[in-house]
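One structure below.
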There are 2 protein chains.
Amino acid sequence: MGNIAIAIHGGAGTLMSGTIPAEIEKAYHDALSESLLSGYHVLSHGGTAIDAVETAVRLMEDCPLFNAGKGSVFNSDGINEMDAAIMNGMNLKAGAVAEVHIIRNPISAAKAVMNNSPHILLASAGAEKFAGEQGLDIVDTSYFYDEQRHKQWLLTKDKDSSWAGDEIALPSDIKGKKFGTVGAVALDSAGNLAAATSTGGINNKKFGRIGDSPIIGAGTYANNKTCAVSCTGEGEYFIRNVSAYDVSALIEYKGYSLVQATTEVIKKVAQLGGEGGLIAVDNHGTIVTPFNTSSMFRGWMDATGQKHIAIFR
Amino acid sequence: MGNIAIAIHGGAGTLMSGTIPAEIEKAYHDALSESLLSGYHVLSHGGTAIDAVETAVRLMEDCPLFNAGKGSVFNSDGINEMDAAIMNGMNLKAGAVAEVHIIRNPISAAKAVMNNSPHILLASAGAEKFAGEQGLDIVDTSYFYDEQRHKQWLLTKDKDSSWAGDEIALPSDIKGKKFGTVGAVALDSAGNLAAATSTGGINNKKFGRIGDSPIIGAGTYANNKTCAVSCTGEGEYFIRNVSAYDVSALIEYKGYSLVQATTEVIKKVAQLGGEGGLIAVDNHGTIVTPFNTSSMFRGWMDATGQKHIAIFR
């Protein structure tokens, strides 16, 4: 079956262990588990890394617990505005969409851009038109409505909060913040790597802000020579550091291990004052999930078939 | 006066020497010269690299000869749609705008995003709203109209040409193609590096395509540790290779010289099948302008004060 491996994340944050009601923690645990197993199923049946990361991310997009697809936060206009990217380490092909509002699964639109256009990044109405022509699932904006997220937006919409923080909706009795974004990285039995990231961005975000998720090299990167990476956190710091590609460059150019490279990259984010984490898998099947926050929703499985789900350190 | 240096480009292409009417070649030569001297003037009077690259790029944005600002090509809806980015190597701060239609100088909007928002990339109407609130020059879309560009668009709009090539408007008696994009890189007397890139994208482009110009790490990057880079050409290849940051990574992690690093990065673009070039300056004031096309409109000056303008190899 080869050295298959997959890791997923459902966002980093500053949640503290013991502060989340058990039933909510269980709901997240179950959703991460379902996403992880679905991606692993693709790999263990000889599927490609690209299909595995798309499958895993789609399930998280469809789950309102995560800030991506259904369950995305609201922007300052009260609209759900989503970004996603996917990259194939086999040929360095990539696709991404930004500022889309009516595509049910932005990650599948990103994949269609990669496979069926000569472009990499399509934005807003143009990206939606392309997705429609590709036969992807187009939905009414109301599909993305989630009561909890909307309630949070109503509380923040008159504040300048997109400048202040990147919190997403959590039940009001939970302390701490949680960044958006879901992602997956995988190594398939043919030795190919892939990475995928999808996000609803920042609650109450203004001015058409695009974060690191749809930016190849910043939030998403894959290269069979080295590794596949998907980031989560304060996206601007990952853009300034070109973080996802930097992991690859440290491995390729400095001979760092995946652990060394990702530790260095998270340190650089922290040095600029940023918070977040990433998941990565290298071409040997090594999996790492470093973060400098107190929590990162994550899961991983390798060829042993043992399932790992974790939220806190 | 320190080791100041500046380089600019007005786009790479496949023009052949001797095929351009002398008066058109002279017009480009004069426009490049004016931009270069304006940026150099900032540096030689103790100004910052950031101000120098902004100044140089603004002049090319205002000149209808270049595919950026006034003179931008038309997208498939018959609209001029522009992207720009700027990065400060001193602190890795960056700003960018994408898909903007009414901002006279997109590079100045990118600078405002960098200086006056916590974000890096703002897109479409949101970016325009931000630029307006920042007091930047907002113009009617008709400001960007250029008869020559519009004529070319009319000739191509019913073809699927944005898929096929990236040609921009040239008088019909000129053979070859010319990619869009203008850019500047500079080292100031305080030892700070900066890079700026601005573009009208691809003639007849569809689906909200965003290229490498506004993507930090792909088309634009600056870091005082290493170098400042601005790219031009088939943007998708520069995104897939994370080309601008890759130059920096090869210098920092492999100890490459600027010549070695940029040669390698242009080779990687060619290996994927891409065409284009870049300008770069390192923190010693070394300037390079490599490209794998037959032409790249460019100019450079270092502390000696000698002005260089070139179009062909």
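If you're wondering about the labels, chains in the structure tokens are A, B, ... by order shown, residues count from 1 in each chain, ligands from 1 in order shown.
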
Exercise for the section: Mind checking which residues fall within 10 Å of stretch 100-104 of chain A, counting only C-alpha atoms, ignoring those fewer than 3 positions away in the same chain, and posting them as a PyMOL selection string? Expected result: chain A and resi 58+61-62+68-70+79-84+97+107-109+122-129+131-132+136-144+200

Practice task
Residues of chain A no more than 9 Å from chain B, counting only C-alpha atoms: send them over as number ranges by chain.
Solution key: A: 87, 91-94, 99, 117-130, 162-164, 206-211, 215-218, 221, 235-236, 239-242, 245-246, 249-250, 253-254, 272

Exercise for the section: Measure the distance from atom CA of B:Gly89 to atom CA of B:Gly13 in Å and round it to one decimal. Expected result: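 Computed distance, atom CA of B:Gly89 to atom CA of B:Gly13, equals 28.1 Å.
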
Practice task
Could you jot down the atom CA of B:Asn292 to atom CA of B:Asn75 separation for me, Å, one decimal place?
Solution key: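 Spanning atom CA of B:Asn292 to atom CA of B:Asn75 is a straight-line distance of 26.0 Å.
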
Within 8 Å of B:Thr232 using only C-alpha atoms, minus same-chain residues under 6 positions, as a compact mmCIF listing (two decimals) with all heavy atoms, in the first residue's frame:
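out_26.txt, freshly written:
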```txt
# COMPACT_ATOMS: atom_id res chain seq x y z
N GLY B 11 7.84 45.14 -18.80
CA GLY B 11 7.28 43.93 -19.39
C GLY B 11 8.25 43.19 -20.29
O GLY B 11 9.03 43.79 -21.02
N ALA B 12 8.19 41.86 -20.21
CA ALA B 12 8.98 40.99 -21.10
C ALA B 12 8.13 40.65 -22.32
O ALA B 12 6.92 40.82 -22.31
CB ALA B 12 9.38 39.72 -20.37
N PHE B 179 4.31 40.76 -22.89
CA PHE B 179 3.53 40.55 -21.69
C PHE B 179 3.36 41.87 -20.95
O PHE B 179 4.13 42.80 -21.14
CB PHE B 179 4.23 39.54 -20.78
CG PHE B 179 4.42 38.22 -21.45
CD1 PHE B 179 5.68 37.77 -21.77
CD2 PHE B 179 3.33 37.44 -21.79
CE1 PHE B 179 5.86 36.55 -22.40
CE2 PHE B 179 3.50 36.23 -22.42
CZ PHE B 179 4.77 35.78 -22.74
N GLY B 180 2.35 41.92 -20.14
CA GLY B 180 2.08 43.15 -19.41
C GLY B 180 3.03 43.32 -18.25
O GLY B 180 4.12 42.77 -18.23
N THR B 181 2.62 44.15 -17.33
CA THR B 181 3.33 44.31 -16.06
C THR B 181 4.47 45.32 -16.13
O THR B 181 5.27 45.32 -17.06
CB THR B 181 3.91 42.97 -15.56
OG1 THR B 181 2.87 42.00 -15.56
CG2 THR B 181 4.47 43.10 -14.16
N VAL B 182 4.52 46.18 -15.13
CA VAL B 182 5.68 47.03 -14.90
C VAL B 182 6.16 46.77 -13.47
O VAL B 182 5.41 46.25 -12.65
CB VAL B 182 5.35 48.54 -15.06
CG1 VAL B 182 4.75 48.80 -16.43
CG2 VAL B 182 4.43 49.03 -13.96
N SER B 213 1.52 39.18 -10.16
CA SER B 213 1.97 40.51 -9.72
C SER B 213 1.57 40.84 -8.28
O SER B 213 2.41 41.29 -7.50
CB SER B 213 1.45 41.59 -10.67
OG SER B 213 1.88 41.34 -11.98
N GLY B 219 5.24 37.22 -7.71
CA GLY B 219 5.68 38.27 -8.63
C GLY B 219 6.44 39.39 -7.96
O GLY B 219 7.09 40.20 -8.64
N GLY B 276 9.22 34.60 -19.53
CA GLY B 276 9.20 35.84 -18.79
C GLY B 276 10.57 36.23 -18.30
O GLY B 276 11.59 35.70 -18.75
N GLY B 277 10.57 37.17 -17.37
CA GLY B 277 11.83 37.65 -16.81
C GLY B 277 11.59 38.31 -15.48
O GLY B 277 10.48 38.30 -14.95
N LEU B 278 12.65 38.86 -14.93
CA LEU B 278 12.54 39.56 -13.66
C LEU B 278 13.66 40.58 -13.54
O LEU B 278 14.65 40.52 -14.27
CB LEU B 278 12.56 38.58 -12.49
CG LEU B 278 13.80 37.68 -12.30
CD1 LEU B 278 14.95 38.41 -11.59
CD2 LEU B 278 13.42 36.44 -11.50
```

Handout entry: Shell of 6 Å around B:Ala49, only C-alpha atoms, local chain residues under 6 positions omitted, as number ranges by chain
Key = B: 186-188, 193-194

Exercise for the section: Just the residues within 9 Å of A:Ala31, please, counting only C-alpha atoms, with nothing from its chain fewer than 6 positions along; format it as a list in words. Expected result: Leu59, Met60, Cys63 and Leu65 of chain A

Handout entry: atom CA of A:Gly71 to atom CA of A:Ile287, straight-line distance in Å
Key =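 Calculated distance between atom CA of A:Ile287 and atom CA of A:Gly71 is 27.5 Å.
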
Exercise for the section: Can you check which residues of stretch 168-301 of chain B DSSP gives as strand (DSSP E or B) on the backbone and send them as a VMD selection string? Expected result: chain B and resid 178 182 to 187 193 to 199 209 to 210 216 220 to 222 227 to 233 276 to 282 287 to 288 291 295 to 301

Would you mind exporting N, CA and C atoms of the selected residues as a short mmCIF file (atom, residue, chain, number, x, y, z; two decimals), in the first residue's frame?
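Below you can see part.cif, which holds the result:
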```
data_model
loop_
_atom_site.label_atom_id
_atom_site.label_comp_id
_atom_site.auth_asym_id
_atom_site.auth_seq_id
_atom_site.Cartn_x
_atom_site.Cartn_y
_atom_site.Cartn_z
N LYS B 178 4.00 40.82 -26.26
CA LYS B 178 4.61 41.50 -25.15
C LYS B 178 3.72 41.28 -23.94
N VAL B 182 4.52 46.18 -15.13
CA VAL B 182 5.68 47.03 -14.90
C VAL B 182 6.16 46.77 -13.47
N GLY B 183 7.41 47.12 -13.20
CA GLY B 183 7.91 46.89 -11.85
C GLY B 183 9.17 47.67 -11.58
N ALA B 184 9.51 47.73 -10.31
CA ALA B 184 10.74 48.39 -9.89
C ALA B 184 11.27 47.74 -8.63
N VAL B 185 12.59 47.71 -8.51
CA VAL B 185 13.26 47.25 -7.29
C VAL B 185 14.33 48.27 -6.95
N ALA B 186 14.59 48.45 -5.66
CA ALA B 186 15.56 49.48 -5.28
C ALA B 186 16.24 49.16 -3.96
N LEU B 187 17.46 49.68 -3.85
CA LEU B 187 18.23 49.67 -2.60
C LEU B 187 18.50 51.13 -2.24
N LEU B 193 15.82 47.51 1.12
CA LEU B 193 15.37 47.06 -0.20
C LEU B 193 13.85 47.16 -0.31
N ALA B 194 13.35 47.35 -1.55
CA ALA B 194 11.91 47.35 -1.78
C ALA B 194 11.63 46.88 -3.20
N ALA B 195 10.44 46.31 -3.38
CA ALA B 195 9.99 45.86 -4.70
C ALA B 195 8.56 46.28 -4.94
N ALA B 196 8.23 46.59 -6.21
CA ALA B 196 6.87 46.98 -6.56
C ALA B 196 6.55 46.45 -7.95
N THR B 197 5.31 45.98 -8.14
CA THR B 197 4.87 45.46 -9.43
C THR B 197 3.44 45.91 -9.67
N SER B 198 3.11 46.25 -10.92
CA SER B 198 1.75 46.69 -11.25
C SER B 198 1.40 46.19 -12.64
N THR B 199 0.15 45.78 -12.85
CA THR B 199 -0.20 45.18 -14.13
C THR B 199 -1.66 45.36 -14.50
N ARG B 209 -9.40 36.31 -13.46
CA ARG B 209 -8.03 35.77 -13.30
C ARG B 209 -7.11 36.78 -12.62
N ILE B 210 -6.41 36.34 -11.60
CA ILE B 210 -5.38 37.15 -10.96
C ILE B 210 -4.04 36.46 -11.21
N ILE B 216 2.51 38.19 -3.09
CA ILE B 216 3.80 38.30 -2.41
C ILE B 216 4.49 36.92 -2.48
N THR B 220 6.37 39.46 -6.65
CA THR B 220 6.93 40.58 -5.89
C THR B 220 7.47 40.09 -4.55
N TYR B 221 8.71 40.49 -4.22
CA TYR B 221 9.26 40.12 -2.90
C TYR B 221 10.45 41.00 -2.58
N ALA B 222 10.61 41.33 -1.32
CA ALA B 222 11.79 42.08 -0.86
C ALA B 222 12.13 41.71 0.56
N CYS B 227 17.45 40.26 -1.09
CA CYS B 227 17.24 40.96 -2.36
C CYS B 227 15.81 41.48 -2.49
N ALA B 228 15.57 42.23 -3.57
CA ALA B 228 14.23 42.66 -3.96
C ALA B 228 14.00 42.21 -5.40
N VAL B 229 12.79 41.70 -5.68
CA VAL B 229 12.51 41.08 -6.97
C VAL B 229 11.14 41.52 -7.50
N SER B 230 11.06 41.83 -8.80
CA SER B 230 9.77 42.04 -9.47
C SER B 230 9.77 41.26 -10.79
N CYS B 231 8.72 40.47 -11.01
CA CYS B 231 8.68 39.56 -12.16
C CYS B 231 7.72 40.06 -13.24
N THR B 232 7.91 39.56 -14.45
CA THR B 232 7.01 39.83 -15.58
C THR B 232 6.99 38.62 -16.48
N GLY B 233 5.83 38.34 -17.08
CA GLY B 233 5.74 37.19 -17.99
C GLY B 233 4.46 36.42 -17.74
N GLY B 276 9.22 34.60 -19.53
CA GLY B 276 9.20 35.84 -18.79
C GLY B 276 10.57 36.23 -18.30
N GLY B 277 10.57 37.17 -17.37
CA GLY B 277 11.83 37.65 -16.81
C GLY B 277 11.59 38.31 -15.48
N LEU B 278 12.65 38.86 -14.93
CA LEU B 278 12.54 39.56 -13.66
C LEU B 278 13.66 40.58 -13.54
N ILE B 279 13.45 41.51 -12.64
CA ILE B 279 14.53 42.41 -12.25
C ILE B 279 14.77 42.19 -10.77
N ALA B 280 16.05 42.29 -10.36
CA ALA B 280 16.36 42.09 -8.95
C ALA B 280 17.58 42.91 -8.57
N VAL B 281 17.58 43.32 -7.31
CA VAL B 281 18.75 44.00 -6.75
C VAL B 281 19.02 43.37 -5.39
N ASP B 282 20.29 43.12 -5.09
CA ASP B 282 20.57 42.54 -3.77
C ASP B 282 21.04 43.61 -2.80
N ILE B 287 22.72 44.54 -9.51
CA ILE B 287 21.47 44.56 -10.27
C ILE B 287 21.53 43.49 -11.36
N VAL B 288 20.47 42.72 -11.52
CA VAL B 288 20.36 41.77 -12.63
C VAL B 288 18.98 41.90 -13.27
N PHE B 291 15.96 37.25 -18.40
CA PHE B 291 14.67 36.88 -19.00
C PHE B 291 14.92 35.79 -20.03
N SER B 295 12.83 39.81 -25.55
CA SER B 295 12.87 41.22 -25.15
C SER B 295 12.35 41.40 -23.73
N MET B 296 12.89 42.40 -23.07
CA MET B 296 12.29 42.87 -21.81
C MET B 296 12.63 44.35 -21.70
N PHE B 297 11.59 45.16 -21.64
CA PHE B 297 11.76 46.60 -21.49
C PHE B 297 12.31 46.84 -20.09
N ARG B 298 13.51 47.48 -20.01
CA ARG B 298 14.13 47.59 -18.69
C ARG B 298 15.12 48.74 -18.62
N GLY B 299 15.43 49.12 -17.40
CA GLY B 299 16.42 50.16 -17.17
C GLY B 299 17.01 50.00 -15.78
N TRP B 300 18.22 50.47 -15.59
CA TRP B 300 18.84 50.37 -14.26
C TRP B 300 19.92 51.42 -14.07
N MET B 301 20.11 51.77 -12.81
CA MET B 301 21.14 52.75 -12.42
C MET B 301 21.67 52.36 -11.06
#
```

Problem - alpha helix (DSSP H) per DSSP on the backbone: members of stretch 9-227 of chain B, as a PyMOL selection string - result: chain B and resi 22-44+49-62+106-116+124-133+147-156+161-164

Problem - Proximity to B:Ala5 - best of B:Thr19, B:Thr263, B:Thr304, B:Thr55, only C-alpha atoms - result: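 Among the listed residues, B:Thr304 lies closest to B:Ala5.
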
Practice task
Measuring atom to atom with only C-alpha atoms, identify which of A:Ser72, A:Ser35, A:Asn116, A:Asn224 is nearest to A:His150.
Solution key: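 Smallest distance to A:His150 is found for A:Ser72.
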
Practice task
Tell me, as number ranges by chain, which residues lie within 6 Å of stretch 39-43 of chain A, counting only C-alpha atoms; anything in the same chain fewer than 3 positions away does not count.
Solution key: A: 36, 46-47, 52, 55-56, 188

Selection to disk with C-alpha atoms, as a CSV table (one decimal), in the first residue's frame:
```csv
chain,number,residue,atom,x,y,z
A,36,LEU,CA,-9.8,12.2,8.2
A,46,GLY,CA,-5.1,3.5,-4.2
A,47,GLY,CA,-6.5,7.0,-4.9
A,52,ALA,CA,-7.7,12.6,-0.8
A,55,THR,CA,-12.4,14.8,-0.2
A,56,ALA,CA,-11.2,15.6,3.3
A,188,ASP,CA,-0.4,8.7,-1.8
```
